[in-house]
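Novice: Before anything else, here's the structure in question.
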Amino acid sequence: MAIALAAAGLAAQSPVGAAQPVEDPLSDLALRIAASIAPETFVSLDASTDEQARRDITDRLAARGIRVVDPADGRPVLRVRCGDNLREHVCSAEVAGSSRSVMIVTRPRNIPATPTEPAGVIELRPLVSMREPILDVAVDRDRMLVLTPAAVVRFEDDDGMWRRE
């Protein structure tokens with residue numbers, strides 16, 4: 001019976017790495033902004049808000065009964081920023097009026113399930129070791145130049161081993 005219950009629980013779980021629908025963080029941010037401002041309120045957007053975010057947040061706030069208008073004294077000022085990092089999309093809003101509130105919303109980025117070809121490959125392999133610090137190395141077929149703080153040292157390939165000249 002315990003095995004049957006465990007199997008049923010595993011079958012109900014979504015597979016690891018399955019793509020889940022990701023809601024736009026700006027929609028959730030607009031919902032939070034609307035919750036912090038009274039309905040039928042006029043707000044103005046900060047001039048530093050980028051044009052795409054300005055259009056998107058204006059439409060989403062209008063759908064929730066909040067109008068974005070030109071700046072004027074006494075109106076709350078809204079600053080919206082969106083960006084990405086390696087793991088997630090991030091949107092933040094600051095509402096500055098008689099009081100100040102800050103909201104941040106993050107959503108995981110949609111990472112493809114199958115990896116694409118790598119943009120480049122780095123291969124690490126030891127070439128030579130010296131007592132002096134090695135600042136740089138240049139290899140050209142069967143010759144190698146090693147830059148140290150005191151000199152440039154030349155090496156020759158001798159059957160797969162570097163021999164100092």
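Order determines the names: the first chain of the structure tokens is A, the second B, and so forth; residues in each chain are numbered 1 upward, and ligands are numbered 1 upward as they are shown.
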Taking the chain letters and numbering used in this document, name the residues of range 26-149 of chain A that DSSP puts in alpha helix (DSSP H), as a list in words.

Specialist: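 Residues meeting the alpha helix (DSSP H) criterion: Leu26, Ser27, Asp28, Leu29, Ala30, Leu31, Arg32, Ile33, Ala34, Ala35, Ser36, Glu51, Gln52, Ala53, Arg54, Arg55, Asp56, Ile57, Thr58, Asp59, Arg60, Leu61 and Ala62 of chain A.
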
Novice: Residues of the last selection are to be written out with N, CA, C and O atoms, as a compact mmCIF listing (two decimals), in the first residue's frame.

Specialist:
# COMPACT_ATOMS: atom_id res chain seq x y z
N LEU A 26 5.82 42.28 -15.36
CA LEU A 26 5.22 43.61 -15.40
C LEU A 26 3.73 43.56 -15.07
O LEU A 26 3.19 44.48 -14.45
N SER A 27 3.05 42.47 -15.44
CA SER A 27 1.62 42.32 -15.10
C SER A 27 1.44 42.21 -13.59
O SER A 27 0.56 42.85 -13.01
N ASP A 28 2.28 41.40 -12.95
CA ASP A 28 2.21 41.26 -11.50
C ASP A 28 2.58 42.56 -10.81
O ASP A 28 1.98 42.95 -9.81
N LEU A 29 3.56 43.27 -11.37
CA LEU A 29 3.96 44.56 -10.80
C LEU A 29 2.81 45.57 -10.88
O LEU A 29 2.54 46.29 -9.92
N ALA A 30 2.12 45.60 -12.01
CA ALA A 30 0.97 46.51 -12.16
C ALA A 30 -0.12 46.17 -11.14
O ALA A 30 -0.75 47.08 -10.57
N LEU A 31 -0.33 44.90 -10.88
CA LEU A 31 -1.31 44.48 -9.88
C LEU A 31 -0.91 44.97 -8.49
O LEU A 31 -1.74 45.49 -7.74
N ARG A 32 0.37 44.87 -8.17
CA ARG A 32 0.85 45.35 -6.86
C ARG A 32 0.77 46.87 -6.74
O ARG A 32 0.46 47.39 -5.69
N ILE A 33 1.08 47.55 -7.85
CA ILE A 33 0.98 49.02 -7.83
C ILE A 33 -0.47 49.43 -7.60
O ILE A 33 -0.76 50.29 -6.78
N ALA A 34 -1.38 48.78 -8.34
CA ALA A 34 -2.80 49.10 -8.20
C ALA A 34 -3.29 48.83 -6.78
O ALA A 34 -4.15 49.55 -6.27
N ALA A 35 -2.75 47.81 -6.13
CA ALA A 35 -3.16 47.51 -4.76
C ALA A 35 -2.64 48.55 -3.77
O ALA A 35 -3.26 48.77 -2.73
N SER A 36 -1.55 49.23 -4.13
CA SER A 36 -0.99 50.23 -3.20
C SER A 36 -1.53 51.64 -3.45
O SER A 36 -1.27 52.54 -2.66
N GLU A 51 10.84 53.75 -22.67
CA GLU A 51 9.60 53.90 -23.45
C GLU A 51 8.76 52.62 -23.49
O GLU A 51 7.54 52.68 -23.37
N GLN A 52 9.40 51.47 -23.66
CA GLN A 52 8.64 50.21 -23.72
C GLN A 52 7.95 49.93 -22.38
O GLN A 52 6.77 49.60 -22.34
N ALA A 53 8.68 50.09 -21.29
CA ALA A 53 8.08 49.89 -19.96
C ALA A 53 6.98 50.91 -19.72
O ALA A 53 5.96 50.61 -19.11
N ARG A 54 7.16 52.13 -20.20
CA ARG A 54 6.16 53.20 -20.05
C ARG A 54 4.85 52.79 -20.71
O ARG A 54 3.78 52.88 -20.11
N ARG A 55 4.92 52.31 -21.96
CA ARG A 55 3.70 51.90 -22.66
C ARG A 55 3.04 50.70 -21.96
O ARG A 55 1.84 50.68 -21.76
N ASP A 56 3.87 49.71 -21.61
CA ASP A 56 3.32 48.49 -21.00
C ASP A 56 2.65 48.77 -19.65
O ASP A 56 1.54 48.32 -19.40
N ILE A 57 3.33 49.52 -18.79
CA ILE A 57 2.77 49.77 -17.46
C ILE A 57 1.56 50.69 -17.55
O ILE A 57 0.59 50.53 -16.80
N THR A 58 1.55 51.65 -18.50
CA THR A 58 0.40 52.54 -18.68
C THR A 58 -0.84 51.73 -19.05
O THR A 58 -1.92 51.93 -18.48
N ASP A 59 -0.69 50.80 -20.00
CA ASP A 59 -1.82 49.96 -20.42
C ASP A 59 -2.32 49.07 -19.27
O ASP A 59 -3.52 48.95 -19.04
N ARG A 60 -1.41 48.48 -18.55
CA ARG A 60 -1.79 47.56 -17.48
C ARG A 60 -2.44 48.30 -16.30
O ARG A 60 -3.35 47.79 -15.66
N LEU A 61 -1.94 49.50 -16.00
CA LEU A 61 -2.56 50.28 -14.91
C LEU A 61 -3.93 50.80 -15.33
O LEU A 61 -4.85 50.84 -14.52
N ALA A 62 -4.08 51.21 -16.60
CA ALA A 62 -5.38 51.68 -17.09
C ALA A 62 -6.43 50.59 -16.97
O ALA A 62 -7.59 50.86 -16.64

Novice: Ser44 in chain A: which residues within 12 Å, counting only C-alpha atoms, same-chain residues fewer than 4 positions away excluded, as a ChimeraX atom specification?

Specialist: /A:48-49,54,57-58,61,66-80,94-97

Novice: Name the residues of chain A that fall into strand (DSSP E or B) according to DSSP on the backbone, using the chain letters and numbers of this document, as a VMD selection string.

Specialist: chain A and resid 42 to 45 67 to 68 77 to 84 88 to 96 100 to 108 136 to 140 143 to 147 152 to 158 161 to 164

Novice: Need to verify the contact set: Met144 in chain A, 12 Å, only C-alpha atoms, exclusion of same-chain residues closer than 4 positions in sequence. Can you return it as an MDAnalysis selection string?

Specialist: chainID A and resid 127:128 136:140 152:158 161:165

Novice: Enter the distance from CA of Pro118 in chain A to CA of Thr106 in chain A, in Å, rounded to one decimal.

Specialist: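 That distance, rounded to one decimal, is 26.8 Å.
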
Novice: Give me, as a compact mmCIF listing (two decimals) with C-alpha atoms, in the first residue's frame, all polymer residues having an atom no more than 12 Å from Arg107 in chain A, counting only C-alpha atoms and skipping those fewer than 6 positions away in the same chain.

Specialist:
# COMPACT_ATOMS: atom_id res chain seq x y z
CA GLN A 20 6.16 26.04 -16.51
CA PRO A 21 4.28 29.00 -17.98
CA VAL A 22 5.95 32.18 -16.78
CA GLU A 23 3.71 35.18 -16.23
CA ASP A 24 5.09 38.52 -17.32
CA PRO A 25 6.57 40.23 -14.25
CA LEU A 26 5.22 43.61 -15.40
CA SER A 27 1.62 42.32 -15.10
CA ASP A 28 2.21 41.26 -11.50
CA LEU A 29 3.96 44.56 -10.80
CA CYS A 82 12.84 46.14 -15.72
CA GLY A 83 15.92 44.10 -16.46
CA ASP A 84 17.38 40.63 -16.75
CA ASN A 85 20.15 38.72 -15.11
CA LEU A 86 21.34 35.20 -15.84
CA ARG A 87 18.52 33.52 -13.92
CA GLU A 88 15.50 35.81 -13.95
CA HIS A 89 13.55 38.79 -15.23
CA VAL A 90 13.25 41.57 -12.64
CA CYS A 91 10.83 44.51 -12.54
CA SER A 92 10.70 47.10 -9.77

Novice: Out of A:Arg143, A:Ser99, A:Thr148, A:Arg109, which residue has the shortest atom-to-atom distance to Ser129 in chain A when counting only C-alpha atoms?

Specialist: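 Residue with the minimum atom-to-atom distance to Ser129 in chain A: A:Thr148.
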
Novice: What's the 12 Å shell around Pro149 in chain A, counting only C-alpha atoms, without same-chain residues fewer than 5 positions away, as a VMD selection string?

Specialist: chain A and resid 131 to 136
